[in-house]
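For reference, target-v5.pdb is printed below; it contains PDB, N, CA and C atoms.
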ATOM      1  N   MET V   1      26.226   4.373   6.989
ATOM      2  CA  MET V   1      25.841   3.931   5.659
ATOM      3  C   MET V   1      24.555   4.652   5.252
ATOM      4  N   LYS V   2      24.514   5.125   4.031
ATOM      5  CA  LYS V   2      23.338   5.801   3.506
ATOM      6  C   LYS V   2      22.671   4.930   2.451
ATOM      7  N   ILE V   3      21.365   4.835   2.572
ATOM      8  CA  ILE V   3      20.556   4.119   1.584
ATOM      9  C   ILE V   3      19.790   5.189   0.826
ATOM     10  N   LYS V   4      19.882   5.155  -0.515
ATOM     11  CA  LYS V   4      19.309   6.226  -1.323
ATOM     12  C   LYS V   4      18.491   5.642  -2.470
ATOM     13  N   LYS V   5      17.329   6.229  -2.704
ATOM     14  CA  LYS V   5      16.470   5.846  -3.822
ATOM     15  C   LYS V   5      16.070   7.114  -4.562
ATOM     16  N   GLU V   6      16.459   7.195  -5.824
ATOM     17  CA  GLU V   6      16.148   8.379  -6.630
ATOM     18  C   GLU V   6      15.023   8.060  -7.603
ATOM     19  N   LEU V   7      14.037   8.924  -7.613
ATOM     20  CA  LEU V   7      12.918   8.825  -8.544
ATOM     21  C   LEU V   7      12.894  10.077  -9.418
ATOM     22  N   LYS V   8      11.915  10.153 -10.289
ATOM     23  CA  LYS V   8      11.833  11.274 -11.225
ATOM     24  C   LYS V   8      11.680  12.615 -10.505
ATOM     25  N   ASN V   9      10.767  12.694  -9.554
ATOM     26  CA  ASN V   9      10.474  13.967  -8.892
ATOM     27  C   ASN V   9      10.924  14.042  -7.441
ATOM     28  N   ALA V  10      11.412  12.944  -6.880
ATOM     29  CA  ALA V  10      11.802  12.956  -5.467
ATOM     30  C   ALA V  10      12.940  11.979  -5.226
ATOM     31  N   THR V  11      13.657  12.204  -4.131
ATOM     32  CA  THR V  11      14.730  11.313  -3.702
ATOM     33  C   THR V  11      14.515  11.000  -2.232
ATOM     34  N   PHE V  12      14.662   9.723  -1.878
ATOM     35  CA  PHE V  12      14.530   9.276  -0.503
ATOM     36  C   PHE V  12      15.896   8.797  -0.032
ATOM     37  N   GLU V  13      16.222   9.123   1.221
ATOM     38  CA  GLU V  13      17.521   8.732   1.737
ATOM     39  C   GLU V  13      17.394   8.391   3.213
ATOM     40  N   TYR V  14      18.059   7.306   3.632
ATOM     41  CA  TYR V  14      18.113   6.950   5.050
ATOM     42  C   TYR V  14      19.571   6.885   5.468
ATOM     43  N   ASP V  15      19.915   7.651   6.494
ATOM     44  CA  ASP V  15      21.270   7.689   7.031
ATOM     45  C   ASP V  15      21.286   6.870   8.322
ATOM     46  N   GLU V  16      21.917   5.691   8.278
ATOM     47  CA  GLU V  16      21.940   4.820   9.448
ATOM     48  C   GLU V  16      22.753   5.414  10.592
ATOM     49  N   LYS V  17      23.760   6.181  10.274
ATOM     50  CA  LYS V  17      24.608   6.763  11.314
ATOM     51  C   LYS V  17      23.834   7.791  12.141
ATOM     52  N   ARG V  18      23.118   8.693  11.445
ATOM     53  CA  ARG V  18      22.346   9.731  12.138
ATOM     54  C   ARG V  18      20.932   9.286  12.481
ATOM     55  N   LYS V  19      20.473   8.143  11.934
ATOM     56  CA  LYS V  19      19.109   7.635  12.115
ATOM     57  C   LYS V  19      18.076   8.655  11.642
ATOM     58  N   VAL V  20      18.292   9.155  10.414
ATOM     59  CA  VAL V  20      17.414  10.177   9.844
ATOM     60  C   VAL V  20      16.959   9.733   8.457
ATOM     61  N   PHE V  21      15.657   9.882   8.217
ATOM     62  CA  PHE V  21      15.046   9.601   6.922
ATOM     63  C   PHE V  21      14.784  10.951   6.254
ATOM     64  N   THR V  22      15.314  11.156   5.047
ATOM     65  CA  THR V  22      15.210  12.448   4.377
ATOM     66  C   THR V  22      14.521  12.288   3.029
ATOM     67  N   LEU V  23      13.613  13.221   2.740
ATOM     68  CA  LEU V  23      12.935  13.282   1.440
ATOM     69  C   LEU V  23      13.344  14.580   0.767
ATOM     70  N   TYR V  24      13.763  14.492  -0.494
ATOM     71  CA  TYR V  24      14.172  15.657  -1.273
ATOM     72  C   TYR V  24      13.240  15.817  -2.450
ATOM     73  N   ASP V  25      12.861  17.055  -2.717
ATOM     74  CA  ASP V  25      12.105  17.390  -3.918
ATOM     75  C   ASP V  25      13.116  17.745  -4.999
ATOM     76  N   ASN V  26      13.167  16.985  -6.088
ATOM     77  CA  ASN V  26      14.170  17.197  -7.129
ATOM     78  C   ASN V  26      13.976  18.511  -7.891
ATOM     79  N   GLU V  27      12.752  18.996  -7.955
ATOM     80  CA  GLU V  27      12.493  20.224  -8.702
ATOM     81  C   GLU V  27      12.738  21.471  -7.867
ATOM     82  N   ASN V  28      12.524  21.389  -6.567
ATOM     83  CA  ASN V  28      12.679  22.535  -5.676
ATOM     84  C   ASN V  28      13.759  22.199  -4.653
ATOM     85  N   LEU V  29      14.893  22.855  -4.729
ATOM     86  CA  LEU V  29      16.011  22.519  -3.849
ATOM     87  C   LEU V  29      15.704  22.802  -2.386
ATOM     88  N   ASN V  30      14.750  23.671  -2.089
ATOM     89  CA  ASN V  30      14.377  23.956  -0.705
ATOM     90  C   ASN V  30      13.383  22.945  -0.159
ATOM     91  N   GLY V  31      12.865  22.082  -0.985
ATOM     92  CA  GLY V  31      11.872  21.104  -0.564
ATOM     93  C   GLY V  31      12.514  19.874   0.052
ATOM     94  N   THR V  32      12.897  19.969   1.322
ATOM     95  CA  THR V  32      13.538  18.866   2.018
ATOM     96  C   THR V  32      12.826  18.611   3.335
ATOM     97  N   ILE V  33      12.584  17.342   3.649
ATOM     98  CA  ILE V  33      11.975  16.957   4.917
ATOM     99  C   ILE V  33      12.879  15.930   5.571
ATOM    100  N   GLU V  34      13.207  16.147   6.838
ATOM    101  CA  GLU V  34      13.987  15.181   7.605
ATOM    102  C   GLU V  34      13.122  14.634   8.730
ATOM    103  N   LEU V  35      13.076  13.316   8.848
ATOM    104  CA  LEU V  35      12.306  12.655   9.898
ATOM    105  C   LEU V  35      13.250  11.821  10.753
ATOM    106  N   ASN V  36      13.119  11.938  12.077
ATOM    107  CA  ASN V  36      13.917  11.054  12.925
ATOM    108  C   ASN V  36      13.319   9.653  12.860
ATOM    109  N   LYS V  37      13.926   8.694  13.540
ATOM    110  CA  LYS V  37      13.498   7.304  13.363
ATOM    111  C   LYS V  37      12.070   7.065  13.849
ATOM    112  N   VAL V  38      11.608   7.792  14.860
ATOM    113  CA  VAL V  38      10.239   7.617  15.356
ATOM    114  C   VAL V  38       9.237   8.102  14.317
ATOM    115  N   TYR V  39       9.463   9.292  13.780
ATOM    116  CA  TYR V  39       8.550   9.841  12.779
ATOM    117  C   TYR V  39       8.655   9.090  11.452
ATOM    118  N   ALA V  40       9.826   8.607  11.115
ATOM    119  CA  ALA V  40       9.984   7.813   9.894
ATOM    120  C   ALA V  40       9.192   6.511  10.005
ATOM    121  N   PHE V  41       9.245   5.891  11.185
ATOM    122  CA  PHE V  41       8.483   4.659  11.392
ATOM    123  C   PHE V  41       6.986   4.933  11.305
ATOM    124  N   ALA V  42       6.527   6.029  11.922
ATOM    125  CA  ALA V  42       5.111   6.396  11.857
ATOM    126  C   ALA V  42       4.682   6.665  10.415
ATOM    127  N   PHE V  43       5.544   7.326   9.642
ATOM    128  CA  PHE V  43       5.247   7.602   8.236
ATOM    129  C   PHE V  43       5.138   6.299   7.445
ATOM    130  N   MET V  44       6.038   5.366   7.701
ATOM    131  CA  MET V  44       5.997   4.085   6.979
ATOM    132  C   MET V  44       4.745   3.296   7.334
ATOM    133  N   ARG V  45       4.343   3.323   8.597
ATOM    134  CA  ARG V  45       3.094   2.652   8.991
ATOM    135  C   ARG V  45       1.906   3.253   8.244
ATOM    136  N   PHE V  46       1.909   4.585   8.115
ATOM    137  CA  PHE V  46       0.847   5.267   7.383
ATOM    138  C   PHE V  46       0.813   4.825   5.921
ATOM    139  N   VAL V  47       1.983   4.772   5.297
ATOM    140  CA  VAL V  47       2.067   4.372   3.885
ATOM    141  C   VAL V  47       1.581   2.940   3.708
ATOM    142  N   VAL V  48       1.985   2.044   4.589
ATOM    143  CA  VAL V  48       1.563   0.642   4.488
ATOM    144  C   VAL V  48       0.052   0.525   4.678
ATOM    145  N   ARG V  49      -0.498   1.262   5.635
ATOM    146  CA  ARG V  49      -1.951   1.219   5.839
ATOM    147  C   ARG V  49      -2.712   1.694   4.617
ATOM    148  N   MET V  50      -2.240   2.762   3.993
ATOM    149  CA  MET V  50      -2.917   3.271   2.797
ATOM    150  C   MET V  50      -2.819   2.254   1.654
ATOM    151  N   ALA V  51      -1.674   1.611   1.515
ATOM    152  CA  ALA V  51      -1.511   0.604   0.463
ATOM    153  C   ALA V  51      -2.430  -0.584   0.715
ATOM    154  N   GLN V  52      -2.495  -1.049   1.962
ATOM    155  CA  GLN V  52      -3.376  -2.171   2.286
ATOM    156  C   GLN V  52      -4.831  -1.790   2.088
ATOM    157  N   ARG V  53      -5.181  -0.579   2.503
ATOM    158  CA  ARG V  53      -6.562  -0.124   2.367
ATOM    159  C   ARG V  53      -6.970  -0.108   0.900
ATOM    160  N   ASN V  54      -6.134   0.424   0.043
ATOM    161  CA  ASN V  54      -6.453   0.486  -1.383
ATOM    162  C   ASN V  54      -6.489  -0.902  -1.997
ATOM    163  N   TRP V  55      -5.562  -1.782  -1.582
ATOM    164  CA  TRP V  55      -5.541  -3.135  -2.128
ATOM    165  C   TRP V  55      -6.773  -3.905  -1.684
ATOM    166  N   LEU V  56      -7.132  -3.789  -0.397
ATOM    167  CA  LEU V  56      -8.291  -4.514   0.106
ATOM    168  C   LEU V  56      -9.584  -3.969  -0.471
ATOM    169  N   ARG V  57      -9.633  -2.677  -0.737
ATOM    170  CA  ARG V  57     -10.835  -2.095  -1.336
ATOM    171  C   ARG V  57     -11.080  -2.726  -2.709
ATOM    172  N   ASP V  58     -10.032  -2.873  -3.516
ATOM    173  CA  ASP V  58     -10.166  -3.499  -4.829
ATOM    174  C   ASP V  58     -10.545  -4.963  -4.691
ATOM    175  N   LYS V  59      -9.967  -5.666  -3.735
ATOM    176  CA  LYS V  59     -10.256  -7.087  -3.532
ATOM    177  C   LYS V  59     -11.711  -7.283  -3.113
ATOM    178  N   LYS V  60     -12.225  -6.415  -2.246
ATOM    179  CA  LYS V  60     -13.613  -6.532  -1.802
ATOM    180  C   LYS V  60     -14.568  -6.336  -2.969
ATOM    181  N   SER V  61     -14.263  -5.419  -3.876
ATOM    182  CA  SER V  61     -15.152  -5.189  -5.010
ATOM    183  C   SER V  61     -15.155  -6.395  -5.945
ATOM    184  N   ILE V  62     -14.016  -7.072  -6.092
ATOM    185  CA  ILE V  62     -13.951  -8.282  -6.914
ATOM    186  C   ILE V  62     -14.755  -9.401  -6.264
ATOM    187  N   ASP V  63     -14.577  -9.582  -4.931
ATOM    188  CA  ASP V  63     -15.341 -10.603  -4.214
ATOM    189  C   ASP V  63     -16.843 -10.338  -4.311
ATOM    190  N   LYS V  64     -17.240  -9.076  -4.230
ATOM    191  CA  LYS V  64     -18.651  -8.706  -4.336
ATOM    192  C   LYS V  64     -19.183  -9.022  -5.732
ATOM    193  N   ALA V  65     -18.400  -8.761  -6.764
ATOM    194  CA  ALA V  65     -18.825  -9.045  -8.139
ATOM    195  C   ALA V  65     -18.998 -10.546  -8.345
ATOM    196  N   ILE V  66     -18.088 -11.345  -7.817
ATOM    197  CA  ILE V  66     -18.194 -12.803  -7.943
ATOM    198  C   ILE V  66     -19.424 -13.300  -7.200
ATOM    199  N   GLU V  67     -19.667 -12.768  -6.010
ATOM    200  CA  GLU V  67     -20.843 -13.159  -5.234
ATOM    201  C   GLU V  67     -22.128 -12.814  -5.975
ATOM    202  N   ASP V  68     -22.169 -11.651  -6.625
ATOM    203  CA  ASP V  68     -23.354 -11.255  -7.386
ATOM    204  C   ASP V  68     -23.605 -12.199  -8.562
ATOM    205  N   VAL V  69     -22.530 -12.634  -9.229
ATOM    206  CA  VAL V  69     -22.675 -13.555 -10.359
ATOM    207  C   VAL V  69     -23.221 -14.893  -9.872
ATOM    208  N   VAL V  70     -22.697 -15.387  -8.759
ATOM    209  CA  VAL V  70     -23.161 -16.672  -8.214
ATOM    210  C   VAL V  70     -24.614 -16.574  -7.794
ATOM    211  N   ASN V  71     -24.998 -15.476  -7.154
ATOM    212  CA  ASN V  71     -26.384 -15.317  -6.707
ATOM    213  C   ASN V  71     -27.353 -15.129  -7.865
ATOM    214  N   SER V  72     -26.875 -14.582  -8.979
ATOM    215  CA  SER V  72     -27.771 -14.325 -10.105
ATOM    216  C   SER V  72     -28.030 -15.581 -10.946
ATOM    217  N   GLU V  73     -27.143 -16.579 -10.820
ATOM    218  CA  GLU V  73     -27.347 -17.808 -11.586
ATOM    219  C   GLU V  73     -28.490 -18.622 -10.984
ATOM    220  N   ASN V  74     -29.104 -19.427 -11.816
ATOM    221  CA  ASN V  74     -30.175 -20.297 -11.351
ATOM    222  C   ASN V  74     -29.556 -21.448 -10.563
ATOM    223  N   LEU V  75     -29.847 -21.491  -9.275
ATOM    224  CA  LEU V  75     -29.254 -22.534  -8.439
ATOM    225  C   LEU V  75     -29.908 -23.894  -8.653
ATOM    226  N   GLU V  76     -31.104 -23.921  -9.193
ATOM    227  CA  GLU V  76     -31.796 -25.191  -9.468
ATOM    228  C   GLU V  76     -31.553 -25.604 -10.918
ATOM    229  N   HIS V  77     -30.319 -25.758 -11.270
ATOM    230  CA  HIS V  77     -29.945 -26.132 -12.629
ATOM    231  C   HIS V  77     -30.264 -27.605 -12.845
ATOM    232  N   PRO V  78     -30.786 -28.001 -14.015
ATOM    233  CA  PRO V  78     -31.164 -29.393 -14.253
ATOM    234  C   PRO V  78     -29.984 -30.373 -14.218
ATOM    235  N   ASP V  79     -28.786 -29.919 -14.522
ATOM    236  CA  ASP V  79     -27.634 -30.813 -14.493
ATOM    237  C   ASP V  79     -27.015 -30.953 -13.108
ATOM    238  N   GLN V  80     -27.585 -30.258 -12.161
ATOM    239  CA  GLN V  80     -27.024 -30.305 -10.809
ATOM    240  C   GLN V  80     -27.489 -31.576 -10.088
ATOM    241  N   ILE V  81     -26.559 -32.217  -9.387
ATOM    242  CA  ILE V  81     -26.889 -33.420  -8.634
ATOM    243  C   ILE V  81     -27.468 -33.019  -7.298
ATOM    244  N   LYS V  82     -28.550 -33.664  -6.931
ATOM    245  CA  LYS V  82     -29.182 -33.370  -5.642
ATOM    246  C   LYS V  82     -28.873 -34.511  -4.663
ATOM    247  N   PHE V  83     -28.399 -34.138  -3.509
ATOM    248  CA  PHE V  83     -28.116 -35.116  -2.456
ATOM    249  C   PHE V  83     -29.194 -35.015  -1.398
ATOM    250  N   LEU V  84     -29.636 -36.161  -0.926
ATOM    251  CA  LEU V  84     -30.678 -36.168   0.118
ATOM    252  C   LEU V  84     -30.113 -36.501   1.465
TER     253      LEU V  84
END

Could you spell out this file's structure in structure tokens?
Amino acid sequence: MKIKKELKNATFEYDEKRKVFTLYDNENLNGTIELNKVYAFAFMRFVVRMAQRNWLRDKKSIDKAIEDVVNSENLEHPDQIKFL
């Protein structure tokens, strides 16, 4: 069974029978890469790490911005209840 995903500039295909992951360049017919299952798995791990890294980088900047806003506010606000 072949699983195929076609995009504008590239096509991805996985052949379960041969256990090969293939990338095709739609503009250049000679632009083909075949990865066996070990290299395909390593490539997918790389892609996931880059996605997580970029997502976490954005999340950290949001958390930092929220922390800066909280620290910049006056913590001794007159409407704040004080517990002893």

Answer key for the PyMOL selection byres ((chain V and resi 23) around 5), residues as number ranges by chain: V: 11-12, 21-22, 24-25, 32-33

Target residues per the PyMOL selection byres ((chain V and resi 8) around 8), formatted as a count of residues only: 9

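Note that the spacing between atom C of Leu35 of chain V and atom CA of Arg49 of chain V amounts to 19.2 Å.
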
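In this model, the gap between atom CA of Tyr39 of chain V and atom CA of Asp15 of chain V comes to 14.1 Å.
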
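Coordinates place atom CA of Asn54 of chain V at a distance of 25.7 Å from atom CA of Lys37 of chain V.
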
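Closest approach to Met1 of chain V from the set V:Trp55, V:Glu16, V:Phe46, V:Ala40 is made by V:Glu16, with distances taken over only N, CA and C atoms.
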